[in-house]
file work18.txt (compact mmCIF, C-alpha atoms)
# COMPACT_ATOMS: atom_id res chain seq x y z
CA MET A 1 34.84 -37.04 -99.67
CA GLN A 2 37.39 -34.24 -100.06
CA ALA A 3 35.64 -30.88 -100.27
CA HIS A 4 36.54 -28.17 -102.75
CA SER A 5 36.99 -24.67 -101.35
CA SER A 6 33.89 -23.47 -103.21
CA GLY A 7 31.77 -26.23 -101.67
CA LEU A 8 31.74 -28.30 -104.87
CA PRO A 9 33.03 -31.87 -104.45
CA TRP A 10 36.14 -32.74 -106.44
CA ARG A 11 34.32 -35.52 -108.27
CA PHE A 12 32.25 -32.83 -110.01
CA LEU A 13 35.05 -30.38 -110.70
CA ASP A 14 38.77 -31.01 -110.65
CA PRO A 15 40.18 -28.18 -112.78
CA ALA A 16 43.32 -30.13 -113.49
CA GLN A 17 41.23 -32.81 -115.20
CA VAL A 18 39.33 -30.41 -117.47
CA ALA A 19 41.15 -29.75 -120.73
CA LEU A 20 40.54 -26.20 -121.93
CA PRO A 21 40.53 -25.15 -125.58
CA ARG A 22 43.45 -23.27 -127.02
CA PHE A 23 42.71 -19.65 -127.89
CA ALA A 24 44.11 -17.32 -130.54
CA PRO A 25 44.04 -13.51 -130.49
CA VAL A 26 41.89 -12.03 -133.24
CA ARG A 27 41.51 -8.42 -134.33
CA GLN A 28 38.09 -7.20 -135.41
CA ARG A 29 38.54 -4.28 -137.80
CA PHE A 30 36.21 -1.26 -137.69
CA VAL A 31 36.16 2.16 -139.29
CA ASP A 32 38.22 4.48 -137.09
CA ASP A 33 36.85 8.01 -137.35
CA THR A 34 37.85 9.13 -133.86
CA LEU A 35 37.86 12.91 -133.47
CA PRO A 36 41.52 13.99 -133.22
CA ASP A 37 40.92 17.19 -131.19
CA LEU A 38 38.12 17.16 -128.63
CA ARG A 39 38.61 20.79 -127.65
CA ALA A 40 38.20 21.89 -131.26
CA ALA A 41 35.16 19.62 -131.68
CA VAL A 42 33.41 21.12 -128.65
CA ALA A 43 34.23 24.65 -129.84
CA ALA A 44 32.87 23.85 -133.31
CA ALA A 45 29.68 22.46 -131.78
CA PHE A 46 29.09 25.68 -129.84
CA GLN A 47 29.87 27.74 -132.92
CA SER A 48 27.25 25.81 -134.91
CA VAL A 49 24.49 27.23 -132.68
CA ALA A 50 25.99 30.68 -132.14
CA GLY A 51 23.29 33.34 -132.15
CA ARG A 52 20.55 30.75 -131.69
CA HIS A 53 21.08 29.47 -128.15
CA ARG A 54 19.81 31.29 -125.06
CA ILE A 55 23.01 31.38 -123.02
CA GLY A 56 24.08 34.84 -121.88
CA PRO A 57 26.48 36.63 -119.54
CA GLY A 58 25.93 36.09 -115.85
CA GLN A 59 23.62 33.11 -116.25
CA ARG A 60 24.09 30.17 -113.90
CA ILE A 61 24.22 27.16 -116.22
CA ALA A 62 24.00 23.56 -114.95
CA VAL A 63 25.98 20.97 -116.92
CA THR A 64 24.95 17.34 -116.48
CA ALA A 65 27.43 14.62 -115.57
CA GLY A 66 26.26 11.02 -115.74
CA SER A 67 27.54 7.70 -114.44
CA ARG A 68 28.41 5.96 -117.71
CA GLY A 69 32.00 5.33 -118.74
CA ILE A 70 32.10 7.82 -121.61
CA PHE A 71 35.40 8.20 -123.45
CA ARG A 72 37.47 11.09 -122.03
CA ILE A 73 34.36 12.50 -120.38
CA ALA A 74 36.29 14.67 -117.92
CA GLU A 75 38.12 16.36 -120.78
CA ILE A 76 34.93 16.90 -122.78
CA THR A 77 33.09 18.26 -119.74
CA ARG A 78 35.92 20.71 -119.03
CA HIS A 79 35.81 21.96 -122.63
CA VAL A 80 32.04 22.52 -122.34
CA VAL A 81 32.58 24.43 -119.09
CA ASP A 82 35.26 26.56 -120.77
CA GLU A 83 32.98 27.39 -123.71
CA LEU A 84 30.21 28.45 -121.33
CA THR A 85 32.65 30.57 -119.35
CA ALA A 86 33.80 32.23 -122.58
CA LEU A 87 30.16 33.21 -123.21
CA GLY A 88 30.13 34.96 -119.85
CA ALA A 89 28.04 32.31 -118.12
CA GLN A 90 28.69 30.85 -114.67
CA PRO A 91 28.67 27.08 -115.23
CA PHE A 92 28.43 24.44 -112.54
CA ILE A 93 28.11 20.65 -112.74
CA VAL A 94 25.27 18.51 -111.40
CA PRO A 95 25.35 14.71 -111.08
CA ALA A 96 22.63 13.33 -113.37
CA MET A 97 22.60 9.61 -112.69
CA GLY A 98 19.27 8.70 -111.12
CA SER A 99 19.86 6.27 -108.25
CA HIS A 100 23.44 5.38 -109.09
CA GLY A 101 26.16 5.89 -106.52
CA GLY A 102 23.94 4.28 -103.90
CA ALA A 103 21.43 7.14 -104.30
CA THR A 104 23.53 9.35 -102.00
CA VAL A 105 25.30 12.64 -102.59
CA ALA A 106 28.61 11.20 -101.41
CA GLY A 107 28.21 8.16 -103.64
CA GLN A 108 27.42 10.20 -106.74
CA LEU A 109 30.36 12.53 -106.12
CA GLU A 110 32.57 9.47 -105.78
CA VAL A 111 31.37 8.18 -109.16
CA LEU A 112 32.26 11.52 -110.76
CA ARG A 113 35.60 11.62 -108.97
CA GLY A 114 36.37 8.22 -110.46
CA TYR A 115 35.99 9.75 -113.92
CA GLY A 116 38.22 12.70 -113.03
CA ILE A 117 35.29 15.10 -112.69
CA THR A 118 36.17 17.24 -109.66
CA GLU A 119 35.81 20.93 -108.97
CA GLU A 120 39.55 21.41 -109.31
CA ALA A 121 39.76 19.60 -112.65
CA MET A 122 36.63 21.23 -114.10
CA GLY A 123 37.35 24.76 -112.93
CA CYS A 124 33.81 25.23 -111.66
CA PRO A 125 31.61 24.15 -108.72
CA ILE A 126 29.84 20.80 -108.49
CA HIS A 127 26.44 21.09 -106.83
CA ALA A 128 25.18 17.68 -105.77
CA THR A 129 21.86 16.86 -104.17
CA MET A 130 19.32 14.06 -104.14
CA GLU A 131 16.51 16.62 -103.84
CA ALA A 132 14.24 16.82 -106.85
CA VAL A 133 11.53 19.23 -107.92
CA SER A 134 8.28 17.95 -109.41
CA LEU A 135 7.82 19.02 -113.03
CA GLY A 136 4.27 17.75 -113.24
CA VAL A 137 2.32 14.59 -113.91
CA THR A 138 2.01 12.74 -117.21
CA GLU A 139 -1.31 11.59 -118.63
CA ALA A 140 -0.50 8.12 -117.29
CA GLY A 141 -0.48 9.60 -113.80
CA TYR A 142 3.13 9.56 -112.63
CA GLU A 143 5.31 12.46 -111.63
CA VAL A 144 8.40 13.65 -113.48
CA PHE A 145 11.19 15.23 -111.44
CA CYS A 146 14.27 17.37 -111.93
CA ASP A 147 17.40 17.90 -109.82
CA ARG A 148 16.76 20.94 -107.63
CA TYR A 149 19.99 22.76 -108.49
CA ALA A 150 19.45 22.23 -112.20
CA TYR A 151 15.81 23.32 -112.04
CA GLU A 152 16.70 26.51 -110.14
CA SER A 153 19.47 27.43 -112.59
CA ASP A 154 19.14 29.84 -115.49
CA GLY A 155 19.66 26.99 -117.93
CA ILE A 156 20.64 23.34 -118.27
CA VAL A 157 23.16 21.93 -120.73
CA LEU A 158 22.43 18.23 -121.26
CA LEU A 159 25.76 16.48 -121.87
CA ASN A 160 25.45 12.80 -122.71
CA ARG A 161 26.36 10.03 -125.12
CA VAL A 162 23.72 8.76 -127.54
CA LYS A 163 23.70 4.98 -127.93
CA PRO A 164 21.42 1.93 -127.75
CA HIS A 165 20.09 1.33 -124.25
CA SER A 166 19.85 -1.80 -122.13
CA ILE A 167 16.04 -1.56 -121.88
CA LEU A 168 14.83 0.94 -124.47
CA VAL A 169 14.58 -0.65 -127.90
CA GLY A 170 13.39 0.34 -131.36
CA ASP A 171 13.59 4.08 -131.94
CA LEU A 172 14.39 4.77 -128.27
CA GLY A 173 17.79 4.75 -126.67
CA SER A 174 20.09 6.50 -124.26
CA GLY A 175 20.87 10.12 -125.04
CA LEU A 176 19.89 13.70 -124.27
CA LEU A 177 16.29 12.91 -123.37
CA LYS A 178 17.41 10.01 -121.19
CA ILE A 179 19.71 12.13 -119.01
CA LEU A 180 16.95 14.75 -118.79
CA ALA A 181 14.07 12.46 -117.85
CA ILE A 182 15.96 9.81 -115.83
CA GLY A 183 19.39 11.11 -114.84
CA LEU A 184 18.21 14.51 -113.61
CA GLY A 185 15.15 12.89 -112.03
CA LYS A 186 17.36 11.56 -109.24
CA GLN A 187 16.28 8.42 -107.39
CA VAL A 188 12.65 9.49 -106.98
CA GLY A 189 12.20 10.26 -110.67
CA ALA A 190 14.03 7.22 -111.96
CA ASP A 191 12.02 4.99 -109.64
CA ALA A 192 8.72 6.54 -110.75
CA ILE A 193 9.24 5.89 -114.45
CA HIS A 194 10.90 2.48 -114.12
CA SER A 195 8.09 1.24 -111.89
CA LYS A 196 5.56 2.19 -114.59
CA GLY A 197 7.59 0.65 -117.42
CA LEU A 198 10.44 2.54 -119.04
CA GLN A 199 9.81 1.46 -122.63
CA GLU A 200 6.16 2.55 -122.59
CA HIS A 201 6.47 5.72 -120.53
CA PHE A 202 9.87 7.16 -121.37
CA LEU A 203 8.83 9.54 -124.16
CA PRO A 204 5.89 11.15 -122.29
CA ALA A 205 8.19 11.76 -119.33
CA ALA A 206 10.96 13.15 -121.52
CA ARG A 207 8.60 15.44 -123.41
CA LEU A 208 7.13 16.79 -120.19
CA ALA A 209 10.63 17.39 -118.78
CA ALA A 210 11.71 19.13 -121.99
CA ARG A 211 8.76 21.53 -121.65
CA LYS A 212 9.15 22.24 -117.95
CA ALA A 213 12.89 22.15 -117.22
CA PRO A 214 15.04 25.15 -118.23
CA VAL A 215 17.06 23.31 -120.89
CA VAL A 216 19.09 25.69 -123.07
CA LEU A 217 21.31 23.27 -124.97
CA GLY A 218 22.15 19.62 -125.54
CA MET A 219 25.68 18.37 -126.18
CA ALA A 220 25.36 14.97 -127.82
CA LEU A 221 28.29 12.57 -128.10
CA VAL A 222 28.48 9.55 -130.39
CA GLU A 223 31.20 6.93 -129.97
CA ASN A 224 32.48 4.65 -132.70
CA SER A 225 33.16 0.91 -132.67
CA TYR A 226 36.42 1.51 -130.79
CA ASP A 227 34.47 3.22 -127.98
CA ARG A 228 36.00 6.61 -128.85
CA THR A 229 34.34 9.91 -129.67
CA ALA A 230 33.36 10.19 -133.33
CA ARG A 231 30.91 13.10 -133.14
CA ILE A 232 30.08 16.00 -130.83
CA GLU A 233 26.96 17.93 -131.72
CA ALA A 234 25.22 20.91 -130.10
CA VAL A 235 21.42 20.57 -130.09
CA LEU A 236 18.87 23.29 -129.44
CA PRO A 237 16.04 22.44 -127.00
CA GLU A 238 13.38 22.18 -129.71
CA ASP A 239 15.49 19.61 -131.57
CA LEU A 240 16.27 17.23 -128.69
CA GLU A 241 13.93 14.41 -129.73
CA ALA A 242 14.82 14.53 -133.42
CA ALA A 243 18.55 14.65 -132.65
CA ASP A 244 18.33 11.69 -130.29
CA LEU A 245 16.60 9.62 -132.98
CA ARG A 246 19.01 10.63 -135.73
CA LEU A 247 22.13 10.10 -133.63
CA LEU A 248 20.82 6.82 -132.23
CA ASN A 249 20.56 5.48 -135.77
CA LEU A 250 24.14 6.60 -136.38
CA SER A 251 25.27 4.99 -133.14
CA LYS A 252 23.68 1.69 -134.13
CA THR A 253 25.90 1.56 -137.22
CA TYR A 254 28.92 1.64 -134.90
CA LEU A 255 27.65 -0.96 -132.45
CA PRO A 256 30.32 -3.68 -132.22
CA ASN A 257 29.36 -7.27 -131.67
CA ILE A 258 30.71 -10.79 -131.44
CA PRO A 259 30.63 -12.21 -134.99
CA PHE A 260 29.88 -15.84 -134.12
CA GLU A 261 26.58 -17.64 -133.62
CA PRO A 262 25.95 -19.78 -131.67
CA LEU A 263 28.50 -19.78 -128.84
CA ASP A 264 29.05 -22.43 -126.22
CA VAL A 265 30.83 -20.11 -123.79
CA LEU A 266 31.43 -16.37 -123.60
CA ILE A 267 34.12 -15.33 -121.13
CA VAL A 268 33.89 -11.70 -119.98
CA ARG A 269 37.02 -10.55 -118.19
CA GLN A 270 35.22 -7.64 -116.51
CA MET A 271 31.68 -6.37 -116.24
CA GLY A 272 30.59 -3.11 -114.69
CA LYS A 273 28.28 -0.14 -114.45
CA ASP A 274 30.79 2.00 -116.35
CA ILE A 275 30.75 -0.54 -119.18
CA SER A 276 26.97 -0.70 -119.53
CA GLY A 277 24.00 0.30 -117.43
CA ALA A 278 23.30 -3.42 -117.20
CA GLY A 279 26.89 -4.39 -116.38
CA MET A 280 27.18 -6.27 -119.66
CA ASP A 281 25.61 -4.77 -122.76
CA PRO A 282 22.44 -6.75 -123.59
CA ASN A 283 22.90 -5.74 -127.21
CA VAL A 284 26.00 -7.96 -127.12
CA VAL A 285 25.00 -10.82 -124.83
CA GLY A 286 21.33 -10.94 -125.86
CA MET A 287 18.55 -8.54 -124.89
CA HIS A 288 16.51 -11.46 -123.55
CA ARG A 289 18.97 -11.73 -120.66
CA ARG A 290 17.89 -8.22 -119.65
CA ILE A 291 14.18 -7.96 -120.48
CA GLY A 292 13.12 -11.55 -121.20
CA GLY A 293 11.38 -12.82 -124.31
CA ASN A 294 12.75 -15.00 -127.07
CA PRO A 295 16.55 -15.36 -127.14
CA GLN A 296 18.26 -13.02 -129.58
CA ARG A 297 21.63 -14.72 -129.16
CA GLU A 298 22.58 -18.32 -128.59
CA ILE A 299 25.19 -18.23 -125.84
CA ARG A 300 24.92 -21.31 -123.68
CA ARG A 301 27.08 -20.07 -120.80
CA ILE A 302 28.44 -16.66 -119.82
CA VAL A 303 31.31 -16.40 -117.34
CA ALA A 304 32.13 -13.03 -115.74
CA LEU A 305 35.51 -12.91 -114.03
CA ASP A 306 35.73 -9.49 -112.42
CA LEU A 307 33.96 -6.19 -111.62
CA THR A 308 35.40 -2.86 -112.75
CA GLU A 309 36.69 -0.42 -110.17
CA GLY A 310 34.48 2.27 -111.74
CA SER A 311 31.37 0.30 -110.74
CA HIS A 312 31.97 1.18 -107.08
CA GLY A 313 30.58 -2.20 -106.08
CA ASN A 314 27.38 -1.91 -108.14
CA ALA A 315 27.31 -5.26 -109.93
CA ILE A 316 23.80 -4.92 -111.35
CA GLY A 317 23.52 -7.26 -114.32
CA VAL A 318 25.56 -9.97 -112.63
CA GLY A 319 22.44 -12.12 -112.86
CA MET A 320 22.85 -12.22 -116.65
CA ALA A 321 25.98 -14.33 -116.12
CA ASP A 322 25.85 -18.05 -115.44
CA LEU A 323 29.12 -18.27 -113.51
CA ILE A 324 31.31 -15.74 -111.71
CA THR A 325 34.45 -15.79 -109.58
CA ASP A 326 34.78 -15.21 -105.87
CA ARG A 327 36.85 -12.13 -106.75
CA LEU A 328 33.86 -10.55 -108.47
CA ARG A 329 31.42 -11.69 -105.79
CA ASP A 330 33.54 -10.19 -103.00
CA LYS A 331 33.57 -6.76 -104.70
CA ILE A 332 29.78 -6.44 -104.70
CA ASP A 333 28.26 -3.61 -102.67
CA HIS A 334 24.86 -5.18 -102.13
CA GLU A 335 23.22 -1.97 -100.91
CA ALA A 336 24.28 0.07 -103.95
CA MET A 337 23.35 -2.78 -106.29
CA THR A 338 19.96 -3.34 -104.66
CA ILE A 339 19.00 0.35 -104.76
CA ASN A 340 19.82 0.45 -108.47
CA ALA A 341 17.89 -2.79 -109.10
CA LEU A 342 14.81 -1.58 -107.23
CA THR A 343 14.86 1.73 -109.09
CA SER A 344 15.35 0.16 -112.52
CA ASP A 345 13.04 -2.82 -111.91
CA PHE A 346 15.88 -5.26 -112.61
CA LEU A 347 15.65 -7.58 -109.61
CA TRP A 348 16.63 -10.65 -111.62
CA GLY A 349 19.78 -8.79 -112.61
CA ILE A 350 21.15 -8.95 -109.05
CA LYS A 351 20.74 -12.68 -108.50
CA VAL A 352 24.28 -13.79 -107.75
CA PRO A 353 25.30 -16.79 -109.89
CA LEU A 354 27.35 -19.77 -108.83
CA SER A 355 30.75 -18.45 -107.74
CA LEU A 356 34.06 -20.26 -108.22
CA PRO A 357 37.27 -19.46 -106.29
CA THR A 358 39.47 -18.76 -109.32
CA ASP A 359 39.35 -17.92 -113.02
CA ARG A 360 40.78 -21.36 -113.78
CA GLU A 361 37.97 -23.12 -111.93
CA ALA A 362 35.23 -20.91 -113.40
CA LEU A 363 36.46 -21.62 -116.92
CA ALA A 364 36.84 -25.32 -116.20
CA LEU A 365 33.24 -25.57 -115.05
CA ALA A 366 31.93 -23.51 -117.97
CA LEU A 367 33.85 -25.48 -120.60
CA ARG A 368 33.52 -28.90 -119.00
CA PRO A 369 30.78 -30.19 -121.36
CA PHE A 370 32.64 -29.23 -124.55
CA SER A 371 35.59 -30.84 -126.29
CA PRO A 372 38.73 -28.65 -126.38
CA GLU A 373 38.95 -29.02 -130.17
CA GLY A 374 35.31 -28.29 -130.95
CA ALA A 375 34.30 -25.74 -128.30
CA ARG A 376 32.87 -22.52 -129.66
CA ALA A 377 34.20 -20.07 -127.09
CA VAL A 378 35.19 -16.40 -127.12
CA LEU A 379 37.02 -14.39 -124.47
CA ILE A 380 36.56 -10.60 -124.38
CA ARG A 381 37.81 -7.74 -122.21
CA ASP A 382 34.25 -6.45 -121.73
CA THR A 383 31.17 -5.88 -123.86
CA ALA A 384 32.23 -2.35 -124.87
CA HIS A 385 35.66 -3.24 -126.28
CA LEU A 386 35.37 -5.86 -128.98
CA ASP A 387 38.19 -4.93 -131.33
CA THR A 388 40.37 -7.68 -129.84
CA LEU A 389 38.86 -11.11 -129.20
CA TRP A 390 40.38 -14.35 -127.98
CA VAL A 391 38.81 -17.10 -130.05
CA SER A 392 38.86 -20.83 -129.41
CA GLU A 393 40.56 -23.07 -131.94
CA GLY A 394 37.23 -24.50 -133.04
CA LEU A 395 36.18 -21.09 -134.41
CA LEU A 396 39.30 -20.23 -136.38
CA GLU A 397 37.95 -21.53 -139.68
CA GLU A 398 35.05 -19.07 -139.36
CA VAL A 399 37.49 -16.29 -138.46
CA ARG A 400 39.49 -16.83 -141.64
CA ALA A 401 36.30 -16.69 -143.71
CA GLN A 402 35.47 -13.13 -142.54
CA ASP A 403 37.26 -10.18 -144.15
CA THR A 404 36.84 -8.01 -141.06
CA LEU A 405 38.70 -10.46 -138.81
CA GLU A 406 42.45 -11.03 -138.61
CA VAL A 407 44.22 -13.77 -136.65
CA LEU A 408 47.07 -12.16 -134.71
CA GLY A 409 48.83 -15.28 -133.48
CA GLU A 410 48.83 -19.03 -133.18
CA PRO A 411 46.34 -20.71 -130.84
CA ARG A 412 47.83 -21.44 -127.45
CA ALA A 413 46.81 -22.63 -124.02
CA LEU A 414 45.42 -20.07 -121.62
CA ALA A 415 47.90 -19.11 -118.89
CA PHE A 416 47.07 -18.70 -115.21
CA ASP A 417 49.16 -17.36 -112.35
CA GLU A 418 49.79 -19.25 -109.11
CA GLY A 419 46.48 -18.04 -107.71
CA GLY A 420 44.52 -19.32 -110.71
CA SER A 421 43.90 -15.88 -112.26
CA LEU A 422 43.90 -15.61 -116.04
CA VAL A 423 46.99 -14.00 -117.58
CA LEU A 424 46.88 -12.64 -121.12
CA ASP A 425 49.96 -11.21 -122.83
CA GLN A 426 47.97 -9.35 -125.52

call {"tool": "encode", "arguments": {"input": "work18.txt", "output": "structure tokens"}}
result
Amino acid sequence: MQAHSSGLPWRFLDPAQVALPRFAPVRQRFVDDTLPDLRAAVAAAFQSVAGRHRIGPGQRIAVTAGSRGIFRIAEITRHVVDELTALGAQPFIVPAMGSHGGATVAGQLEVLRGYGITEEAMGCPIHATMEAVSLGVTEAGYEVFCDRYAYESDGIVLLNRVKPHSILVGDLGSGLLKILAIGLGKQVGADAIHSKGLQEHFLPAARLAARKAPVVLGMALVENSYDRTARIEAVLPEDLEAADLRLLNLSKTYLPNIPFEPLDVLIVRQMGKDISGAGMDPNVVGMHRRIGGNPQREIRRIVALDLTEGSHGNAIGVGMADLITDRLRDKIDHEAMTINALTSDFLWGIKVPLSLPTDREALALALRPFSPEGARAVLIRDTAHLDTLWVSEGLLEEVRAQDTLEVLGEPRALAFDEGGSLVLDQ
């Protein structure tokens, strides 16, 4: 029997014999309230708390920098640094990303460098360490930690985006308290709380950290459905929890999604740590793929084709896919991914799925059970950018019935280059 390069016999998968659906580009329309001037927005945020914050001349102020792919984060961070400098403070930046970057100083600096956050670009020092200071023990009996440089500063400015999280559900999400309790906790702190159960123990840890760490200000960002900054808000330390809750509810109104249910196949062109903490946003693909329980979305098969450069090899969440390509598999840094999985208690998220040599073969295997005319399939760039979708012909009637969707072109066959990689002209 002739063997396929992936180890699958040709009788099970001959891509040339699998007819794929035709796909049409579709625009999903959202409200676009992107802030036109980020410098002005940061300045206005600082002005809103003028006379009430505790930032003064000569103070060494630590500004947090996380590992998420926040829109124009280097620019926003530089504006925050400039505002602090204008107040007479001496700002510096600290990586606040738990175990990300392989839980090493060099790795975390590389993550920041990938976002354009360098000492030269920021105009201030970056002090990176994996050392953490104990802030105390919660009633449940686990320690809460804080980055040593941040703890020893005269004040911490928590800079982070507020949005739904890949584990925290309900009234909890990612935001100012998250970067305080988890990001600044470094690997030891993130591991301590994840091992106990993040959902149950997050708030006690965050409240303890808010009491013990020298936080002087929060700078909360909210992004709209186009993944661009819609709000920048300065938050005083006593208002951190209330602001996180209020801005999380706002963020949920922006949360984009795939407007079809069920789906036979979801094709994700790229996954990555800078897209979502889980590689693919569980709020889009189904939270059950991240934390278990009853399925929230009916997606029979998920195909992930590539890993973003900004992931630096950390493909955590790849286990939520059903099929991947060899290209994605070969980019995995197993050490960085494993450290993150152990810290976040997401071991099932690093199980590597069946890998196919090319995009063409991965799609052929995923779509093999479904007729080209009737397949319910959607192709997306990633789970954070859902304004443009490629929709199979079998879904176009549903597209035309939704006012928020617009067909941009006629359905056509997917194109692949000589190496079998998907080529899209829009």

call {"tool": "atom_distance", "arguments": {"input": "work18.txt", "atom1": "CA of Gly51 (chain A)", "atom2": "CA of Leu159 (chain A)"}}
result
19.9 Å

call {"tool": "closest_residue", "arguments": {"input": "work18.txt", "among": "A:Met320, A:Ala415, A:Arg301, A:Ile73", "to": "Ala375 (chain A)", "atoms": "only C-alpha atoms"}}
result
A:Arg301

call {"tool": "residues_around", "arguments": {"input": "work18.txt", "residues": "Gly197 (chain A)", "least_positions_apart": "4", "cutoff": "10 Å", "atoms": "only C-alpha atoms", "output": "ChimeraX atom specification"}}
result
/A:167,191-193,201-202,344-345

call {"tool": "residues_around", "arguments": {"input": "work18.txt", "residues": "Asp333 (chain A)", "least_positions_apart": "5", "cutoff": "9 Å", "atoms": "only C-alpha atoms", "output": "list in words"}}
result
His312, Gly313, Asn314, Ala315 and Thr338 of chain A

call {"tool": "atom_distance", "arguments": {"input": "work18.txt", "atom1": "CA of Arg297 (chain A)", "atom2": "CA of Thr253 (chain A)"}}
result
18.7 Å

call {"tool": "closest_residue", "arguments": {"input": "work18.txt", "among": "A:Val188, A:Ala213, A:Leu172, A:Leu363", "to": "Glu241 (chain A)", "atoms": "only C-alpha atoms"}}
result
A:Leu172

call {"tool": "residues_near_point", "arguments": {"input": "work18.txt", "point": "(41.6, -19.6, -109.6)", "cutoff": "6 Å", "atoms": "only C-alpha atoms", "output": "ChimeraX atom specification"}}
result
/A:357-361,419-421

call {"tool": "write_last_selection", "arguments": {"input": "work18.txt", "atoms": "C-alpha atoms", "output": "PDB file, in the frame of the given file"}}
result
ATOM      1  CA  PRO A 357      37.270 -19.460-106.290  1.00  0.00           C
ATOM      2  CA  THR A 358      39.470 -18.760-109.320  1.00  0.00           C
ATOM      3  CA  ASP A 359      39.350 -17.920-113.020  1.00  0.00           C
ATOM      4  CA  ARG A 360      40.780 -21.360-113.780  1.00  0.00           C
ATOM      5  CA  GLU A 361      37.970 -23.120-111.930  1.00  0.00           C
ATOM      6  CA  GLY A 419      46.480 -18.040-107.710  1.00  0.00           C
ATOM      7  CA  GLY A 420      44.520 -19.320-110.710  1.00  0.00           C
ATOM      8  CA  SER A 421      43.900 -15.880-112.260  1.00  0.00           C
TER       9      SER A 421
END

call {"tool": "closest_residue", "arguments": {"input": "work18.txt", "among": "A:Val137, A:Val157, A:Arg113, A:Phe260", "to": "Phe92 (chain A)", "atoms": "all atoms listed in the file"}}
result
A:Val157

call {"tool": "residues_near_point", "arguments": {"input": "work18.txt", "point": "(22.2, 2.9, -114.5)", "cutoff": "8 Å", "atoms": "only C-alpha atoms", "output": "list of chain:residue names"}}
result
A:Ser67, A:Arg68, A:Met97, A:Gly98, A:Ser99, A:His100, A:Lys273, A:Ser276, A:Gly277, A:Ala278, A:Asn340, A:Ser344

call {"tool": "write_last_selection", "arguments": {"input": "work18.txt", "atoms": "C-alpha atoms", "output": "short mmCIF file (atom, residue, chain, number, x, y, z; two decimals), keeping the file's coordinate frame"}}
result
data_model
loop_
_atom_site.label_atom_id
_atom_site.label_comp_id
_atom_site.auth_asym_id
_atom_site.auth_seq_id
_atom_site.Cartn_x
_atom_site.Cartn_y
_atom_site.Cartn_z
CA SER A 67 27.54 7.70 -114.44
CA ARG A 68 28.41 5.96 -117.71
CA MET A 97 22.60 9.61 -112.69
CA GLY A 98 19.27 8.70 -111.12
CA SER A 99 19.86 6.27 -108.25
CA HIS A 100 23.44 5.38 -109.09
CA LYS A 273 28.28 -0.14 -114.45
CA SER A 276 26.97 -0.70 -119.53
CA GLY A 277 24.00 0.30 -117.43
CA ALA A 278 23.30 -3.42 -117.20
CA ASN A 340 19.82 0.45 -108.47
CA SER A 344 15.35 0.16 -112.52
#

call {"tool": "residues_around", "arguments": {"input": "work18.txt", "residues": "Leu38 (chain A)", "least_positions_apart": "3", "cutoff": "8 Å", "atoms": "all atoms listed in the file", "output": "list in words"}}
result
Leu35, Ala41, Val42, Glu75 and Ile76 of chain A

call {"tool": "write_last_selection", "arguments": {"input": "work18.txt", "atoms": "C-alpha atoms", "output": "PDB file, in the frame of the given file"}}
result
ATOM      1  CA  LEU A  35      37.860  12.910-133.470  1.00  0.00           C
ATOM      2  CA  ALA A  41      35.160  19.620-131.680  1.00  0.00           C
ATOM      3  CA  VAL A  42      33.410  21.120-128.650  1.00  0.00           C
ATOM      4  CA  GLU A  75      38.120  16.360-120.780  1.00  0.00           C
ATOM      5  CA  ILE A  76      34.930  16.900-122.780  1.00  0.00           C
TER       6      ILE A  76
END

call {"tool": "atom_distance", "arguments": {"input": "work18.txt", "atom1": "CA of Ile182 (chain A)", "atom2": "CA of His385 (chain A)"}}
result
25.8 Å

call {"tool": "closest_residue", "arguments": {"input": "work18.txt", "among": "A:Gly409, A:Gly102, A:Gly292, A:Pro204", "to": "Ala24 (chain A)", "atoms": "all atoms listed in the file"}}
result
A:Gly409

call {"tool": "closest_residue", "arguments": {"input": "work18.txt", "among": "A:Leu250, A:Leu266, A:Ala205, A:Ala366", "to": "Asn224 (chain A)", "atoms": "only C-alpha atoms"}}
result
A:Leu250

call {"tool": "closest_residue", "arguments": {"input": "work18.txt", "among": "A:Ala65, A:Val80, A:Ile324, A:Leu386", "to": "Ala234 (chain A)", "atoms": "all atoms listed in the file"}}
result
A:Val80

call {"tool": "residues_around", "arguments": {"input": "work18.txt", "residues": "Gly175 (chain A)", "least_positions_apart": "4", "cutoff": "6 Å", "atoms": "all atoms listed in the file", "output": "list in words"}}
result
Asn160, Arg161 and Val162 of chain A

call {"tool": "residues_around", "arguments": {"input": "work18.txt", "residues": "Ser134 (chain A)", "least_positions_apart": "5", "cutoff": "9 Å", "atoms": "only C-alpha atoms", "output": "VMD selection string"}}
result
chain A and resid 143 to 146 185 189

call {"tool": "build_atoms", "arguments": {"input": "work18.txt", "residues": "region 219-223 of chain A", "atoms": "N, CA and C atoms", "output": "compact mmCIF listing (two decimals), keeping the file's coordinate frame"}}
result
# COMPACT_ATOMS: atom_id res chain seq x y z
N MET A 219 24.39 18.70 -125.59
CA MET A 219 25.68 18.37 -126.18
C MET A 219 25.73 16.87 -126.33
N ALA A 220 25.50 16.40 -127.55
CA ALA A 220 25.36 14.97 -127.82
C ALA A 220 26.69 14.39 -128.30
N LEU A 221 27.07 13.27 -127.73
CA LEU A 221 28.29 12.57 -128.10
C LEU A 221 27.92 11.24 -128.74
N VAL A 222 28.63 10.87 -129.78
CA VAL A 222 28.48 9.55 -130.39
C VAL A 222 29.86 8.91 -130.43
N GLU A 223 29.93 7.65 -129.96
CA GLU A 223 31.20 6.93 -129.97
C GLU A 223 31.20 5.87 -131.06
